$ cat input16.txt   # compact mmCIF, C-alpha atoms and all ligand atoms
# COMPACT_ATOMS: atom_id res chain seq x y z
CA MET A 1 83.45 121.69 62.08
CA THR A 2 81.61 118.37 61.94
CA ALA A 3 79.07 117.13 64.43
CA GLU A 4 81.43 114.22 65.17
CA ARG A 5 84.21 116.56 66.32
CA VAL A 6 81.86 118.42 68.57
CA ASP A 7 80.89 115.11 70.19
CA VAL A 8 84.53 114.13 70.81
CA THR A 9 85.18 117.46 72.51
CA ALA A 10 82.07 117.06 74.63
CA LEU A 11 83.13 113.55 75.65
CA GLN A 12 86.64 114.73 76.57
CA GLN A 13 85.12 117.54 78.61
CA ARG A 14 82.84 115.10 80.42
CA GLU A 15 85.75 112.77 81.18
CA GLN A 16 87.84 115.66 82.49
CA THR A 17 84.96 116.75 84.75
CA ARG A 18 84.60 113.18 86.00
CA ARG A 19 88.32 113.07 86.88
CA GLU A 20 88.15 116.44 88.65
CA ILE A 21 85.21 115.23 90.73
CA GLU A 22 87.08 112.02 91.62
CA ALA A 23 90.14 114.06 92.64
CA ALA A 24 88.07 116.50 94.69
CA ILE A 25 86.24 113.75 96.58
CA THR A 26 89.58 112.05 97.23
CA ARG A 27 91.14 115.29 98.51
CA VAL A 28 88.26 116.06 100.86
CA PHE A 29 87.21 112.57 102.04
CA ALA A 30 89.99 110.08 101.29
CA PRO A 31 93.44 111.70 101.38
CA GLU A 32 96.38 109.28 101.60
CA ASP A 33 98.73 109.64 104.52
CA GLU A 34 102.40 108.63 104.70
CA GLY A 35 101.59 105.01 105.59
CA LEU A 36 99.41 104.49 102.52
CA ARG A 37 101.88 106.29 100.25
CA GLN A 38 104.72 104.14 101.60
CA ALA A 39 102.78 100.96 100.85
CA LEU A 40 102.31 102.11 97.24
CA ALA A 41 106.01 103.01 96.95
CA ALA A 42 107.09 99.69 98.48
CA GLY A 43 104.91 97.76 96.04
CA LYS A 44 106.35 99.68 93.11
CA GLU A 45 109.91 99.22 94.40
CA ALA A 46 109.37 95.43 94.66
CA GLY A 47 107.95 95.31 91.11
CA LEU A 48 104.38 94.42 92.13
CA PRO A 49 101.58 95.47 89.74
CA ALA A 50 99.71 98.65 90.73
CA ILE A 51 96.29 96.97 90.88
CA GLN A 52 95.29 98.11 94.35
CA ILE A 53 91.94 99.73 95.08
CA SER A 54 91.54 103.52 94.80
CA PRO A 55 91.54 105.86 97.82
CA ILE A 56 87.76 106.29 97.47
CA GLN A 57 87.35 102.50 97.54
CA GLY A 58 89.59 102.34 100.62
CA LYS A 59 87.49 104.94 102.40
CA PHE A 60 84.33 103.15 101.35
CA LEU A 61 85.64 99.91 102.91
CA GLN A 62 86.24 101.86 106.14
CA LEU A 63 82.71 103.22 106.01
CA LEU A 64 81.31 99.70 105.56
CA ALA A 65 83.48 98.32 108.36
CA THR A 66 82.20 101.04 110.66
CA THR A 67 78.59 100.33 109.62
CA CYS A 68 78.86 96.70 110.79
CA GLN A 69 80.99 97.63 113.85
CA ALA A 70 83.76 95.42 112.55
CA HIS A 71 86.15 93.89 115.05
CA LYS A 72 87.27 91.07 112.79
CA ILE A 73 88.03 91.55 109.11
CA LEU A 74 89.19 89.00 106.56
CA GLU A 75 90.86 89.97 103.29
CA ILE A 76 91.65 87.56 100.45
CA GLY A 77 94.46 88.99 98.28
CA SER A 78 96.87 91.42 100.00
CA LEU A 79 99.27 92.64 97.24
CA ALA A 80 101.37 95.35 98.98
CA GLY A 81 99.01 95.98 101.88
CA TYR A 82 97.29 99.12 100.56
CA SER A 83 93.68 97.96 101.03
CA GLY A 84 94.76 96.17 104.22
CA ILE A 85 95.92 99.45 105.75
CA TRP A 86 92.58 101.14 104.98
CA LEU A 87 90.77 98.15 106.51
CA ALA A 88 93.01 97.84 109.59
CA ARG A 89 92.56 101.54 110.35
CA SER A 90 88.81 101.07 110.60
CA LEU A 91 89.29 98.62 113.49
CA PRO A 92 89.19 99.41 117.19
CA ALA A 93 92.41 98.81 119.18
CA ASN A 94 91.38 95.23 120.02
CA GLY A 95 90.29 94.50 116.45
CA ARG A 96 91.97 92.16 114.03
CA LEU A 97 92.58 91.95 110.28
CA ILE A 98 93.71 88.70 108.70
CA THR A 99 94.82 89.00 105.08
CA LEU A 100 95.62 86.02 102.84
CA GLU A 101 98.34 86.17 100.18
CA ILE A 102 99.66 83.41 97.94
CA ASP A 103 102.95 85.11 97.06
CA ALA A 104 105.62 85.12 99.81
CA LYS A 105 107.35 88.12 98.22
CA HIS A 106 104.11 90.13 98.32
CA ALA A 107 103.55 89.04 101.93
CA GLU A 108 106.99 90.39 102.94
CA VAL A 109 106.11 93.78 101.43
CA VAL A 110 102.76 93.69 103.24
CA ARG A 111 104.39 93.00 106.62
CA ARG A 112 106.74 95.96 106.20
CA SER A 113 103.86 98.18 105.00
CA PHE A 114 101.79 97.27 108.07
CA VAL A 115 104.68 98.19 110.39
CA GLN A 116 105.29 101.50 108.57
CA ALA A 117 101.58 102.35 108.73
CA GLY A 118 101.41 101.52 112.45
CA VAL A 119 98.82 98.74 112.11
CA SER A 120 100.99 95.65 112.70
CA ASP A 121 99.46 95.24 116.18
CA ARG A 122 96.10 94.40 114.61
CA ALA A 123 96.89 93.20 111.07
CA GLU A 124 98.42 89.87 110.13
CA VAL A 125 99.21 88.28 106.75
CA LEU A 126 98.97 84.52 106.21
CA VAL A 127 100.88 83.08 103.24
CA GLY A 128 99.45 80.41 100.96
CA PRO A 129 96.68 79.73 98.45
CA ALA A 130 93.51 81.18 99.98
CA LEU A 131 91.56 77.95 99.46
CA ASP A 132 94.13 76.12 101.64
CA LEU A 133 94.10 78.80 104.35
CA LEU A 134 90.34 79.43 104.60
CA PRO A 135 89.51 76.08 106.29
CA GLN A 136 92.00 77.01 109.05
CA LEU A 137 89.99 80.14 109.88
CA VAL A 138 86.80 78.44 111.03
CA ASN A 139 87.74 78.99 114.68
CA GLU A 140 88.76 82.63 114.06
CA GLY A 141 85.33 83.65 112.74
CA PRO A 142 82.80 84.95 112.39
CA PHE A 143 84.25 87.87 110.47
CA ASP A 144 82.26 91.11 110.36
CA LEU A 145 83.62 92.16 106.98
CA ILE A 146 85.18 90.02 104.28
CA PHE A 147 86.97 91.60 101.32
CA ILE A 148 87.58 89.33 98.32
CA ASP A 149 90.26 90.60 95.93
CA ALA A 150 92.48 87.67 94.83
CA ASP A 151 92.44 85.49 91.68
CA LYS A 152 89.08 85.77 89.91
CA ALA A 153 88.20 82.21 88.77
CA PRO A 154 87.61 80.94 92.36
CA TYR A 155 85.42 83.92 93.42
CA PRO A 156 82.38 81.58 93.74
CA ARG A 157 84.36 79.37 96.11
CA TYR A 158 85.54 82.40 98.07
CA LEU A 159 81.86 83.34 98.39
CA GLU A 160 81.06 79.93 99.90
CA TRP A 161 83.80 80.46 102.47
CA ALA A 162 82.72 84.03 103.14
CA LEU A 163 79.20 82.79 103.91
CA LYS A 164 80.61 80.08 106.18
CA LEU A 165 82.82 82.56 108.04
CA SER A 166 80.22 85.33 108.44
CA ARG A 167 77.27 86.20 110.73
CA PRO A 168 73.96 87.99 110.10
CA GLY A 169 74.93 91.61 109.48
CA SER A 170 78.37 90.75 108.06
CA ILE A 171 79.32 92.54 104.87
CA ILE A 172 80.96 90.69 101.98
CA VAL A 173 82.71 92.94 99.44
CA ALA A 174 84.32 91.65 96.25
CA ASP A 175 86.51 93.77 93.98
CA ASN A 176 86.59 93.80 90.16
CA CYS A 177 82.98 92.65 89.84
CA ILE A 178 82.01 94.95 86.95
CA ARG A 179 84.87 94.82 84.45
CA GLY A 180 83.35 97.39 82.08
CA GLY A 181 80.01 95.56 82.30
CA ARG A 182 81.45 92.20 81.18
CA ALA A 183 81.11 90.67 84.67
CA LEU A 184 77.36 91.35 84.57
CA GLN A 185 76.62 89.51 81.31
CA GLU A 186 74.38 86.46 81.24
CA GLY A 187 76.37 83.65 79.65
CA GLN A 188 79.84 82.24 80.23
CA THR A 189 82.90 83.22 78.15
CA GLN A 190 86.34 81.86 77.13
CA ASP A 191 87.91 83.69 80.10
CA GLU A 192 88.02 81.67 83.33
CA GLY A 193 88.59 84.73 85.47
CA LEU A 194 85.67 86.61 83.94
CA ASN A 195 83.48 83.51 84.31
CA GLY A 196 84.28 83.47 88.03
CA LEU A 197 83.12 87.08 88.32
CA ILE A 198 79.96 86.48 86.25
CA THR A 199 79.02 83.47 88.41
CA TYR A 200 79.86 85.40 91.59
CA ASN A 201 77.44 88.20 90.66
CA GLN A 202 74.72 85.70 89.81
CA LEU A 203 75.16 83.74 93.05
CA VAL A 204 75.19 86.87 95.20
CA SER A 205 72.27 88.64 93.49
CA ARG A 206 70.06 85.53 93.64
CA ASN A 207 70.90 84.47 97.20
CA PRO A 208 67.86 85.17 99.44
CA ARG A 209 70.18 85.41 102.47
CA LEU A 210 71.91 88.45 100.96
CA VAL A 211 71.03 92.04 100.13
CA SER A 212 73.45 93.01 97.38
CA LEU A 213 74.50 95.59 94.83
CA ALA A 214 77.36 96.12 92.35
CA LEU A 215 78.78 99.66 92.41
CA ALA A 216 81.08 101.13 89.71
CA ILE A 217 83.31 102.81 92.28
CA ASP A 218 86.84 102.36 90.87
CA ASP A 219 88.90 105.31 89.58
CA ASN A 220 87.40 104.96 86.08
CA ASN A 221 83.86 104.12 87.18
CA THR A 222 84.11 101.04 84.93
CA ASP A 223 84.91 98.45 87.60
CA GLY A 224 84.12 98.19 91.26
CA PHE A 225 82.69 96.31 94.21
CA THR A 226 79.84 93.87 94.55
CA ILE A 227 78.63 94.41 98.11
CA ALA A 228 76.48 91.90 99.97
CA VAL A 229 75.04 92.13 103.47
CA VAL A 230 74.06 88.90 105.25
CA ARG A 231 70.41 89.15 106.37
CA PRO A 232 69.24 88.30 109.89
CA GLU A 233 68.41 84.57 110.43
CA GLY A 234 64.95 83.64 109.20
CA GLU A 235 64.50 86.86 107.24
CA ASP A 236 65.27 85.64 103.73
CA ALA A 237 63.98 87.72 100.83
CA GLN A 238 60.63 86.44 99.54
N1 LIG B 301 93.67 93.97 97.87
C1 LIG B 301 94.87 94.54 97.27
C2 LIG B 301 95.05 94.10 95.82
C3 LIG B 301 95.12 92.60 95.65
S1 LIG B 301 95.74 92.13 94.06
C4 LIG B 301 94.76 96.05 97.34
O1 LIG B 301 93.75 96.60 96.90
O2 LIG B 301 95.70 96.70 97.85
C5 LIG B 301 95.51 90.40 94.15
C6 LIG B 301 96.46 89.67 95.10
O3 LIG B 301 95.95 88.36 95.28
C7 LIG B 301 97.90 89.51 94.57
O4 LIG B 301 98.83 89.93 95.54
C8 LIG B 301 98.02 88.01 94.32
O5 LIG B 301 99.31 87.49 94.56
C9 LIG B 301 97.02 87.45 95.33
N2 LIG B 301 96.51 86.13 94.99
C10 LIG B 301 96.29 85.60 93.75
N3 LIG B 301 95.81 84.36 93.83
C11 LIG B 301 95.72 84.06 95.16
C12 LIG B 301 95.28 82.91 95.90
N4 LIG B 301 94.85 81.82 95.28
N5 LIG B 301 95.31 82.96 97.24
C13 LIG B 301 95.75 84.10 97.87
N6 LIG B 301 96.17 85.19 97.23
C14 LIG B 301 96.15 85.18 95.90
C1 LIG B 302 93.56 92.70 88.32
C2 LIG B 302 93.29 92.20 89.57
C3 LIG B 302 92.75 93.00 90.54
O1 LIG B 302 92.44 92.56 91.78
C4 LIG B 302 92.50 94.33 90.26
O2 LIG B 302 91.97 95.11 91.22
C5 LIG B 302 92.77 94.85 89.00
C6 LIG B 302 93.30 94.02 88.04
C7 LIG B 302 94.12 91.83 87.28
O3 LIG B 302 94.41 90.68 87.58
O4 LIG B 302 94.27 92.31 86.14
MG MG B 303 91.13 94.09 92.75

$ encode --input "input16.txt" --output "structure tokens"
Amino acid sequence: MTAERVDVTALQQREQTRREIEAAITRVFAPEDEGLRQALAAGKEAGLPAIQISPIQGKFLQLLATTCQAHKILEIGSLAGYSGIWLARSLPANGRLITLEIDAKHAEVVRRSFVQAGVSDRAEVLVGPALDLLPQLVNEGPFDLIFIDADKAPYPRYLEWALKLSRPGSIIVADNCIRGGRALQEGQTQDEGLNGLITYNQLVSRNPRLVSLALAIDDNNTDGFTIAVVRPEGEDAQ
């Protein structure tokens, strides 16, 4: 037996352990109920890609929403409503989630998912390109939590809007901000989407108004959220 083979076995073992830990945390802290499972099934049925966040990410969004006592949440990029259901369920009865979706077919699935999950009283989907819809939300803000998870190239512009629509203490979360480490590299690349993520991480990490961190929290621990909290007025980082 070669040293190389031993290493492969050790790596497979480590990966299996990682998966078992992920499954155990999900089972104990983030189990899916019927509403969440129906949203996944409805997305699959309608032929949407299965690129929603993981249950652990959903529970983490709830934890963040609770931390900032969220009454108003904004999501950019709804897909089939999976993350929207996690978010809406963190709201009090008089709370409100607005989610933005460019694709009318996706939005129809989202509306049905919200009804099935029992959150349609507090969760609403607006259809259109997010950059067209965001200016219409100025009078709806400030939002306590903003979750960015749509097309990647305009992430820096979504950040500008998130800052405009937030208050001190608001939490801005953006998905897919690690990309196996590629979204944390220094220079720009040939990939517009990746460039959007790289710039987003630079803008957030260097903004003195924000306290921020990227966390590899997806189901492979290779992608995840960049989280940013808006500091109190006049308390910029030195
Ligand atoms: N947040 C979802 C996954 C979103 S996938 C979840 O975790 O459950 C990204 C979604 O963003 C897709 O539904 C896509 O149609 C939508 N999208 C892409 N570009 C957009 C744009 N410019 N404005 C609004 N939505 C957009
Ligand atoms: C893609 C987009 C996402 O928002 C995601 O969570 C995973 C993948 C994509 O466009 O490939
Ligand atoms: Mg995503």

$ residues_near_ligand --input "input16.txt" --ligand "ligand LIG 301 (chain B)" --cutoff "10 Å" --atoms "all atoms listed in the file" --output "ChimeraX atom specification"
/A:36,39-40,43,48-55,57-58,75-86,99-107,110,126-134,147-155,158,174-175

$ residues_around --input "input16.txt" --residues "Leu165 in chain A" --least-positions-apart "3" --cutoff "8 Å" --atoms "all atoms listed in the file" --output "PyMOL selection string"
chain A and resi 137-138+141-143+161-162

$ residues_near_point --input "input16.txt" --point "(72.9, 93.2, 102.7)" --cutoff "12 Å" --atoms "all atoms listed in the file" --output "ChimeraX atom specification"
/A:64,67-68,145,167-173,204-205,207-214,226-232,235-237

$ atom_distance --input "input16.txt" --atom1 "CA of Thr222 in chain A" --atom2 "CA of Arg206 in chain A"
22.7 Å

$ residues_near_point --input "input16.txt" --point "(73.7, 82.9, 79.2)" --cutoff "12 Å" --atoms "only C-alpha atoms" --output "JSON, numbers by chain"
{"A": [184, 185, 186, 187, 188, 189, 195, 198, 199, 202]}

$ atom_distance --input "input16.txt" --atom1 "CA of Arg182 in chain A" --atom2 "CA of Thr17 in chain A"
25.1 Å

$ closest_residue --input "input16.txt" --among "A:Gly224, A:Pro31, A:Ala123, A:Asp144" --to "Gln69 in chain A" --atoms "all atoms listed in the file"
A:Asp144

$ closest_residue --input "input16.txt" --among "A:Arg5, A:Arg37, A:Arg179, A:Lys164" --to "ligand LIG 302 (chain B)" --atoms "all atoms listed in the file"
A:Arg179

$ atom_distance --input "input16.txt" --atom1 "CA of Ile217 in chain A" --atom2 "CA of Ala23 in chain A"
13.2 Å

$ decode --input "input16.txt" --residues "range 30-161 of chain A" --atoms "C-alpha atoms" --output "JSON list (two decimals), in the first residue's frame"
[["chain", "number", "residue", "atom", "x", "y", "z"],
["A", 30, "ALA", "CA", -32.59, 23.01, 11.10],
["A", 31, "PRO", "CA", -35.07, 20.26, 10.15],
["A", 32, "GLU", "CA", -37.28, 21.03, 7.14],
["A", 33, "ASP", "CA", -41.01, 20.96, 7.64],
["A", 34, "GLU", "CA", -43.70, 20.27, 5.03],
["A", 35, "GLY", "CA", -43.76, 23.88, 3.81],
["A", 36, "LEU", "CA", -40.04, 23.94, 3.03],
["A", 37, "ARG", "CA", -40.15, 20.49, 1.44],
["A", 38, "GLN", "CA", -43.09, 21.55, -0.73],
["A", 39, "ALA", "CA", -41.19, 24.61, -1.95],
["A", 40, "LEU", "CA", -38.29, 22.36, -3.00],
["A", 41, "ALA", "CA", -40.67, 19.94, -4.73],
["A", 42, "ALA", "CA", -42.51, 22.77, -6.50],
["A", 43, "GLY", "CA", -39.24, 24.22, -7.78],
["A", 44, "LYS", "CA", -38.15, 20.83, -9.08],
["A", 45, "GLU", "CA", -41.56, 20.21, -10.67],
["A", 46, "ALA", "CA", -41.36, 23.58, -12.49],
["A", 47, "GLY", "CA", -37.83, 22.78, -13.73],
["A", 48, "LEU", "CA", -36.07, 25.46, -11.66],
["A", 49, "PRO", "CA", -32.40, 24.82, -10.76],
["A", 50, "ALA", "CA", -31.81, 23.50, -7.22],
["A", 51, "ILE", "CA", -29.52, 26.37, -6.20],
["A", 52, "GLN", "CA", -31.31, 27.35, -3.00],
["A", 53, "ILE", "CA", -29.49, 27.81, 0.29],
["A", 54, "SER", "CA", -29.02, 24.84, 2.65],
["A", 55, "PRO", "CA", -31.19, 24.25, 5.75],
["A", 56, "ILE", "CA", -28.30, 25.38, 7.97],
["A", 57, "GLN", "CA", -28.05, 28.61, 5.96],
["A", 58, "GLY", "CA", -31.82, 29.07, 6.29],
["A", 59, "LYS", "CA", -31.63, 28.65, 10.06],
["A", 60, "PHE", "CA", -28.66, 31.00, 10.20],
["A", 61, "LEU", "CA", -30.70, 33.68, 8.37],
["A", 62, "GLN", "CA", -33.43, 33.22, 11.00],
["A", 63, "LEU", "CA", -30.87, 33.60, 13.76],
["A", 64, "LEU", "CA", -29.56, 36.82, 12.19],
["A", 65, "ALA", "CA", -33.08, 38.17, 11.68],
["A", 66, "THR", "CA", -33.84, 37.53, 15.33],
["A", 67, "THR", "CA", -30.57, 39.20, 16.39],
["A", 68, "CYS", "CA", -31.58, 42.47, 14.70],
["A", 69, "GLN", "CA", -35.26, 42.11, 15.75],
["A", 70, "ALA", "CA", -36.26, 42.14, 12.11],
["A", 71, "HIS", "CA", -39.72, 43.39, 11.21],
["A", 72, "LYS", "CA", -38.88, 44.21, 7.61],
["A", 73, "ILE", "CA", -36.77, 41.94, 5.42],
["A", 74, "LEU", "CA", -35.76, 42.40, 1.80],
["A", 75, "GLU", "CA", -34.59, 39.53, -0.39],
["A", 76, "ILE", "CA", -33.10, 39.91, -3.88],
["A", 77, "GLY", "CA", -33.52, 36.65, -5.83],
["A", 78, "SER", "CA", -36.44, 34.40, -4.79],
["A", 79, "LEU", "CA", -36.14, 31.23, -6.97],
["A", 80, "ALA", "CA", -38.86, 28.90, -5.57],
["A", 81, "GLY", "CA", -39.29, 30.64, -2.22],
["A", 82, "TYR", "CA", -37.15, 28.31, -0.08],
["A", 83, "SER", "CA", -34.96, 30.98, 1.55],
["A", 84, "GLY", "CA", -37.99, 33.30, 1.62],
["A", 85, "ILE", "CA", -39.90, 30.83, 3.79],
["A", 86, "TRP", "CA", -37.03, 30.59, 6.29],
["A", 87, "LEU", "CA", -36.85, 34.40, 6.38],
["A", 88, "ALA", "CA", -40.61, 34.98, 6.62],
["A", 89, "ARG", "CA", -40.85, 32.54, 9.53],
["A", 90, "SER", "CA", -38.41, 34.63, 11.54],
["A", 91, "LEU", "CA", -40.81, 37.60, 11.39],
["A", 92, "PRO", "CA", -43.39, 38.58, 13.99],
["A", 93, "ALA", "CA", -47.06, 38.51, 12.89],
["A", 94, "ASN", "CA", -46.94, 42.16, 11.79],
["A", 95, "GLY", "CA", -43.61, 41.71, 9.99],
["A", 96, "ARG", "CA", -43.05, 41.84, 6.26],
["A", 97, "LEU", "CA", -40.80, 40.16, 3.71],
["A", 98, "ILE", "CA", -40.45, 41.60, 0.22],
["A", 99, "THR", "CA", -38.64, 39.36, -2.24],
["A", 100, "LEU", "CA", -37.58, 40.45, -5.75],
["A", 101, "GLU", "CA", -37.58, 38.04, -8.69],
["A", 102, "ILE", "CA", -36.90, 38.73, -12.36],
["A", 103, "ASP", "CA", -38.57, 35.59, -13.70],
["A", 104, "ALA", "CA", -42.40, 35.59, -13.70],
["A", 105, "LYS", "CA", -42.48, 31.78, -13.76],
["A", 106, "HIS", "CA", -40.29, 31.61, -10.65],
["A", 107, "ALA", "CA", -42.48, 34.24, -8.98],
["A", 108, "GLU", "CA", -45.61, 32.12, -9.56],
["A", 109, "VAL", "CA", -43.93, 29.15, -7.86],
["A", 110, "VAL", "CA", -42.87, 31.43, -4.98],
["A", 111, "ARG", "CA", -46.43, 32.70, -4.45],
["A", 112, "ARG", "CA", -47.78, 29.15, -4.24],
["A", 113, "SER", "CA", -44.91, 28.11, -1.94],
["A", 114, "PHE", "CA", -45.66, 31.02, 0.42],
["A", 115, "VAL", "CA", -49.34, 30.03, 0.60],
["A", 116, "GLN", "CA", -48.48, 26.35, 1.24],
["A", 117, "ALA", "CA", -46.00, 27.34, 3.96],
["A", 118, "GLY", "CA", -48.53, 29.64, 5.63],
["A", 119, "VAL", "CA", -46.48, 32.84, 5.25],
["A", 120, "SER", "CA", -48.41, 34.61, 2.47],
["A", 121, "ASP", "CA", -49.84, 37.06, 5.04],
["A", 122, "ARG", "CA", -46.35, 38.52, 5.58],
["A", 123, "ALA", "CA", -44.37, 37.64, 2.43],
["A", 124, "GLU", "CA", -44.76, 39.25, -0.97],
["A", 125, "VAL", "CA", -42.89, 38.75, -4.26],
["A", 126, "LEU", "CA", -42.33, 41.63, -6.69],
["A", 127, "VAL", "CA", -41.54, 40.70, -10.30],
["A", 128, "GLY", "CA", -38.90, 42.48, -12.36],
["A", 129, "PRO", "CA", -35.17, 43.16, -12.59],
["A", 130, "ALA", "CA", -34.05, 44.01, -9.05],
["A", 131, "LEU", "CA", -32.31, 47.21, -10.16],
["A", 132, "ASP", "CA", -35.66, 48.48, -11.53],
["A", 133, "LEU", "CA", -37.59, 47.50, -8.39],
["A", 134, "LEU", "CA", -35.14, 48.71, -5.71],
["A", 135, "PRO", "CA", -35.76, 52.46, -6.32],
["A", 136, "GLN", "CA", -39.47, 51.82, -5.65],
["A", 137, "LEU", "CA", -38.68, 50.53, -2.15],
["A", 138, "VAL", "CA", -37.26, 53.75, -0.70],
["A", 139, "ASN", "CA", -40.53, 54.44, 1.12],
["A", 140, "GLU", "CA", -40.81, 50.83, 2.39],
["A", 141, "GLY", "CA", -37.47, 50.94, 4.23],
["A", 142, "PRO", "CA", -35.45, 50.84, 6.26],
["A", 143, "PHE", "CA", -35.10, 47.07, 6.12],
["A", 144, "ASP", "CA", -33.64, 45.30, 9.15],
["A", 145, "LEU", "CA", -32.17, 42.45, 7.13],
["A", 146, "ILE", "CA", -31.33, 42.35, 3.43],
["A", 147, "PHE", "CA", -30.47, 39.07, 1.71],
["A", 148, "ILE", "CA", -28.74, 39.35, -1.67],
["A", 149, "ASP", "CA", -28.91, 36.17, -3.77],
["A", 150, "ALA", "CA", -29.66, 37.10, -7.41],
["A", 151, "ASP", "CA", -27.38, 37.53, -10.46],
["A", 152, "LYS", "CA", -23.76, 38.00, -9.36],
["A", 153, "ALA", "CA", -22.33, 40.74, -11.63],
["A", 154, "PRO", "CA", -24.48, 43.52, -10.06],
["A", 155, "TYR", "CA", -23.71, 42.53, -6.42],
["A", 156, "PRO", "CA", -21.81, 45.84, -5.92],
["A", 157, "ARG", "CA", -24.89, 47.75, -7.06],
["A", 158, "TYR", "CA", -27.12, 45.65, -4.82],
["A", 159, "LEU", "CA", -24.78, 46.62, -1.96],
["A", 160, "GLU", "CA", -25.30, 50.33, -2.72],
["A", 161, "TRP", "CA", -29.05, 49.81, -2.54]]
